[in-house]
Amino acid sequence: MNNKSKLSRRKFILNSSIGISGAIIAPTILKSCAPGSAPSDKIHIAHIGVGSQGQAELKNYWIPLETSYSVATCDPFQQRREASAYHINNQNKERGRKAPKCKSYLHFEEVLEREDIDAVTIVTPDHWHVPLAIHTARAGKHVMLAKPLGLSYRNFKILEKELASNKVHFHYATQQRAQGHMKVGIEMIKEGVIGEIEKVDVWSPGKNDVPNPVCNEVPVPDDFDFDKWTGPAPLNSYCPDRVTNNSSWFQYDYSIGFLGGWGAHPLDIMIWGLNDKLSGKYTCEGTGKYWAPGGMYNNILSWNVNLKYDSGIKVHFVSTDMAYETKMMDHRTKHEGNGTTFYGSKGWLSLSRDSVESNNPEVQAKLQALQSDANSFGQMFVDVIKGNITETNPVDEAILSDCISHMGDIAIRTARKITWDPIKGEIENDVEANQLFNREMRKPYIV
């Protein structure tokens, strides 16, 4: 195919699903223009970050799908990227699928240069989330991004701009939005089944039950690119314990811990149900505890945060240990380690990943009967790309929920009450606090 005279596959898909104004239009059968490939209506997906979580998503979201092909894996760990590509190819062979060969890459830039790739899933450590999403959007490819968003508000806004400018879709990987009881529960909230919402309780795990390791520096293995893994974060000494999942979650250079990493899930449910009432200015204050000094982990692991919105809604956001201490789950018969409870003028409704409860028997009966499987989440993204449905996990709502996590972190670190103004994109009258929400990026890994 002559690229100068005909649309590339990527541009064809963009034009098929998004109009000039960015509105979704009717889906179109897509034909692959990739050299050597057969015509296909399948979406071609690349996977950046194929550690334990990335591999789990491959297994549950992507490999079972008949509507997409996984054609690239990318990771600084050679074994991970090659093993994942091998597994994808082997699964296609066993199923008799005439799929394009999945190739592995160290450099994400090479992945984004491929014209046949339509969309990218990003499942890396937190500090790489938004920078990679920005590069992906600039390459004109749709983005499915692991939660939480990241570390710098200015980058959130750059991402928002690049998504719009390049007319690509965004899919925040808060998979609970694919669960049946969540969908119907949020519809009930929006329809006013429990009345006008007055307050919301939110809780999530604060840490994993692991020790706080000390880093004893050793040479970087030949099959691992530590500089690439570090990317825009400060370059620290290398040891195997520094680059585990737990270490990427609990070191401040790479994340704000489970305030964002786990908190993103129940906070996202709250934003999903109350977007219009939680998009304004709010105050935030709270207390928290850190990992004991001496090891690498230095993030907040237990928190008790209160927010008050100009709309009048009050939000109490805590770690699971504090949920027990403050008796936040006493209204429930099942004490689940994560959840969002909406309190309205006509009752309450509490949504968790594996359970739902309400003081309205009809509401509870209806929600408990629904399927709670989230494995359709990959298909949701494909449907968004093809224009079959509108965006289900949009970037503006991702920003709203992630800012709450950061405000909690900043209020605890500064030990003072702060006021976040989302219109101005700043914490009012507090230079120090604002600096905590805009991290410097290490060159050359800048956006």
# chains A, B, ... in the order shown; residues from 1 in each chain; ligands from 1
call {"tool": "residues_around", "arguments": {"residues": "region 326-342 of chain A", "least_positions_apart": "6", "cutoff": "6 Å", "atoms": "only C-alpha atoms", "output": "NGL selection string"}}
result
:A and (200-204 or 266 or 320 or 348-352)
call {"tool": "residues_around", "arguments": {"residues": "Asn236 (chain A)", "least_positions_apart": "3", "cutoff": "10 Å", "atoms": "only C-alpha atoms", "output": "list in words"}}
result
Cys215, Glu217, Phe226, Asp227, Thr230, Ala233, Cys239, Arg242 and Asp253 of chain A
call {"tool": "select_by_dssp", "arguments": {"residues": "region 141-270 of chain A", "states": "helix (DSSP H, G or I)", "output": "VMD selection string"}}
result
chain A and resid 153 to 165 175 to 178 180 to 191 226 to 230 240 to 243 245 to 250 258 to 261 264 to 270
call {"tool": "closest_residue", "arguments": {"among": "A:Asp276, A:Glu397, A:Glu57, A:Glu428", "to": "Phe170 (chain A)", "atoms": "only C-alpha atoms"}}
result
A:Glu397
call {"tool": "residues_around", "arguments": {"residues": "region 257-264 of chain A", "least_positions_apart": "5", "cutoff": "10 Å", "atoms": "only C-alpha atoms", "output": "VMD selection string"}}
result
chain A and resid 126 146 to 151 173 to 174 202 to 208 246 to 252 269 to 270 297 to 303 317 to 319 338 to 339 398 401 to 409
call {"tool": "residues_around", "arguments": {"residues": "Ile134 (chain A)", "least_positions_apart": "3", "cutoff": "8 Å", "atoms": "only C-alpha atoms", "output": "PyMOL selection string"}}
result
chain A and resi 130-131+137-138+158-159+162-163+447
call {"tool": "atom_distance", "arguments": {"atom1": "CA of Trp291 (chain A)", "atom2": "CA of Val214 (chain A)"}}
result
12.5 Å
call {"tool": "residues_around", "arguments": {"residues": "Ala72 (chain A)", "least_positions_apart": "5", "cutoff": "10 Å", "atoms": "only C-alpha atoms", "output": "list in words"}}
result
His44, Ile45, Ala46, His47, Ile48, Arg81, Glu82, Ser84, Ala85, Ile88, Pro100, Lys101, Cys102, Lys103, Ser104, Tyr105, Phe108, Val111, Arg114, Ile117 and Val120 of chain A
call {"tool": "residues_around", "arguments": {"residues": "Ile189 (chain A)", "least_positions_apart": "4", "cutoff": "10 Å", "atoms": "only C-alpha atoms", "output": "VMD selection string"}}
result
chain A and resid 184 to 185 193 to 197 270 272 to 274 342 to 344 348 to 349
call {"tool": "select_by_dssp", "arguments": {"residues": "region 253-304 of chain A", "states": "strand (DSSP E)", "output": "list in words"}}
result
Tyr282, Thr283, Cys284, Glu285, Gly286, Thr287, Gly288, Lys289, Tyr290, Ile300, Leu301, Ser302, Trp303 and Asn304 of chain A
call {"tool": "decode", "arguments": {"residues": "region 65-195 of chain A", "atoms": "C-alpha atoms", "output": "CSV table (one decimal), in the first residue's frame"}}
result
chain,number,residue,atom,x,y,z
A,65,LEU,CA,-10.4,-11.7,22.8
A,66,GLU,CA,-11.4,-12.4,19.2
A,67,THR,CA,-11.6,-8.7,18.4
A,68,SER,CA,-7.9,-7.8,18.8
A,69,TYR,CA,-4.4,-9.0,18.2
A,70,SER,CA,-1.5,-8.4,20.6
A,71,VAL,CA,1.4,-7.6,18.3
A,72,ALA,CA,4.1,-6.1,20.5
A,73,THR,CA,5.5,-6.3,24.1
A,74,CYS,CA,7.9,-3.8,25.6
A,75,ASP,CA,9.7,-4.0,28.9
A,76,PRO,CA,13.2,-3.1,30.3
A,77,PHE,CA,13.4,-6.7,31.6
A,78,GLN,CA,14.4,-8.9,28.6
A,79,GLN,CA,13.0,-12.1,30.0
A,80,ARG,CA,9.5,-10.5,30.6
A,81,ARG,CA,9.1,-9.0,27.2
A,82,GLU,CA,10.4,-12.1,25.3
A,83,ALA,CA,8.4,-14.5,27.4
A,84,SER,CA,5.2,-12.5,27.0
A,85,ALA,CA,5.7,-12.3,23.2
A,86,TYR,CA,6.4,-16.0,23.1
A,87,HIS,CA,3.3,-16.8,25.2
A,88,ILE,CA,1.1,-14.7,22.9
A,89,ASN,CA,2.4,-16.3,19.8
A,90,ASN,CA,2.0,-19.8,21.3
A,91,GLN,CA,-1.6,-19.1,22.3
A,92,ASN,CA,-2.4,-17.9,18.8
A,93,LYS,CA,-0.9,-21.0,17.4
A,94,GLU,CA,-2.8,-23.3,19.7
A,95,ARG,CA,-6.1,-21.6,18.9
A,96,GLY,CA,-5.4,-21.7,15.2
A,97,ARG,CA,-5.5,-17.9,14.9
A,98,LYS,CA,-3.8,-16.4,11.8
A,99,ALA,CA,-2.5,-13.5,13.8
A,100,PRO,CA,0.4,-11.2,13.1
A,101,LYS,CA,3.6,-12.3,15.0
A,102,CYS,CA,4.0,-10.6,18.3
A,103,LYS,CA,7.5,-9.0,18.6
A,104,SER,CA,9.3,-7.9,21.8
A,105,TYR,CA,11.0,-4.5,22.3
A,106,LEU,CA,13.2,-2.8,24.8
A,107,HIS,CA,12.6,0.8,23.5
A,108,PHE,CA,9.0,2.0,23.5
A,109,GLU,CA,9.9,4.5,20.8
A,110,GLU,CA,10.2,1.7,18.3
A,111,VAL,CA,6.8,0.4,19.3
A,112,LEU,CA,5.2,3.8,18.8
A,113,GLU,CA,6.8,4.1,15.4
A,114,ARG,CA,4.9,1.1,14.0
A,115,GLU,CA,2.1,2.1,11.7
A,116,ASP,CA,0.1,-1.1,12.2
A,117,ILE,CA,-0.4,-0.6,15.9
A,118,ASP,CA,-3.7,1.0,16.8
A,119,ALA,CA,-3.6,1.2,20.6
A,120,VAL,CA,-1.2,0.7,23.5
A,121,THR,CA,-1.7,-0.6,27.0
A,122,ILE,CA,0.6,0.9,29.6
A,123,VAL,CA,1.2,-1.2,32.8
A,124,THR,CA,4.5,0.2,34.1
A,125,PRO,CA,5.5,1.6,37.5
A,126,ASP,CA,3.5,4.7,38.4
A,127,HIS,CA,6.2,7.3,37.5
A,128,TRP,CA,6.1,6.2,33.9
A,129,HIS,CA,2.3,6.1,33.4
A,130,VAL,CA,1.6,9.6,32.2
A,131,PRO,CA,4.8,10.3,30.3
A,132,LEU,CA,4.3,7.1,28.3
A,133,ALA,CA,0.7,8.0,27.7
A,134,ILE,CA,1.7,11.4,26.4
A,135,HIS,CA,4.2,9.9,24.0
A,136,THR,CA,1.5,7.3,22.9
A,137,ALA,CA,-1.1,10.0,22.3
A,138,ARG,CA,1.4,12.1,20.3
A,139,ALA,CA,2.0,9.0,18.1
A,140,GLY,CA,-1.7,8.9,17.4
A,141,LYS,CA,-2.5,5.7,19.2
A,142,HIS,CA,-5.3,5.0,21.6
A,143,VAL,CA,-4.3,4.7,25.3
A,144,MET,CA,-5.3,2.3,28.0
A,145,LEU,CA,-3.4,3.5,31.1
A,146,ALA,CA,-2.9,1.6,34.4
A,147,LYS,CA,-3.9,3.5,37.5
A,148,PRO,CA,-3.0,5.7,39.2
A,149,LEU,CA,-2.2,8.5,36.8
A,150,GLY,CA,1.1,9.7,38.0
A,151,LEU,CA,3.1,12.3,39.9
A,152,SER,CA,2.8,15.7,38.2
A,153,TYR,CA,-0.4,17.7,37.6
A,154,ARG,CA,1.2,19.7,34.7
A,155,ASN,CA,1.7,16.3,32.9
A,156,PHE,CA,-2.0,15.4,33.6
A,157,LYS,CA,-3.0,18.5,31.6
A,158,ILE,CA,-0.4,17.8,28.9
A,159,LEU,CA,-1.9,14.4,28.4
A,160,GLU,CA,-5.4,15.8,28.3
A,161,LYS,CA,-4.3,18.2,25.6
A,162,GLU,CA,-2.5,15.6,23.5
A,163,LEU,CA,-5.4,13.2,23.6
A,164,ALA,CA,-7.7,15.9,22.3
A,165,SER,CA,-5.2,17.2,19.7
A,166,ASN,CA,-4.5,13.8,18.3
A,167,LYS,CA,-8.1,12.6,18.5
A,168,VAL,CA,-7.3,9.4,20.3
A,169,HIS,CA,-9.3,7.6,23.0
A,170,PHE,CA,-8.3,7.1,26.6
A,171,HIS,CA,-9.2,4.2,28.8
A,172,TYR,CA,-8.3,4.4,32.5
A,173,ALA,CA,-7.6,0.9,33.8
A,174,THR,CA,-10.0,1.0,36.8
A,175,GLN,CA,-11.6,-2.3,35.8
A,176,GLN,CA,-14.3,-2.1,38.4
A,177,ARG,CA,-16.3,0.0,35.9
A,178,ALA,CA,-16.8,-3.3,34.0
A,179,GLN,CA,-18.5,-5.0,36.9
A,180,GLY,CA,-22.3,-5.4,36.7
A,181,HIS,CA,-23.1,-4.4,40.3
A,182,MET,CA,-20.9,-1.3,39.9
A,183,LYS,CA,-22.6,-0.2,36.7
A,184,VAL,CA,-26.1,-0.5,38.1
A,185,GLY,CA,-25.2,0.8,41.5
A,186,ILE,CA,-23.8,4.0,39.9
A,187,GLU,CA,-27.0,4.3,37.7
A,188,MET,CA,-29.0,4.2,41.0
A,189,ILE,CA,-26.9,6.9,42.5
A,190,LYS,CA,-27.3,9.2,39.4
A,191,GLU,CA,-31.1,8.5,39.3
A,192,GLY,CA,-31.5,9.5,42.9
A,193,VAL,CA,-32.6,6.2,44.2
A,194,ILE,CA,-31.1,7.0,47.6
A,195,GLY,CA,-31.8,10.7,47.4
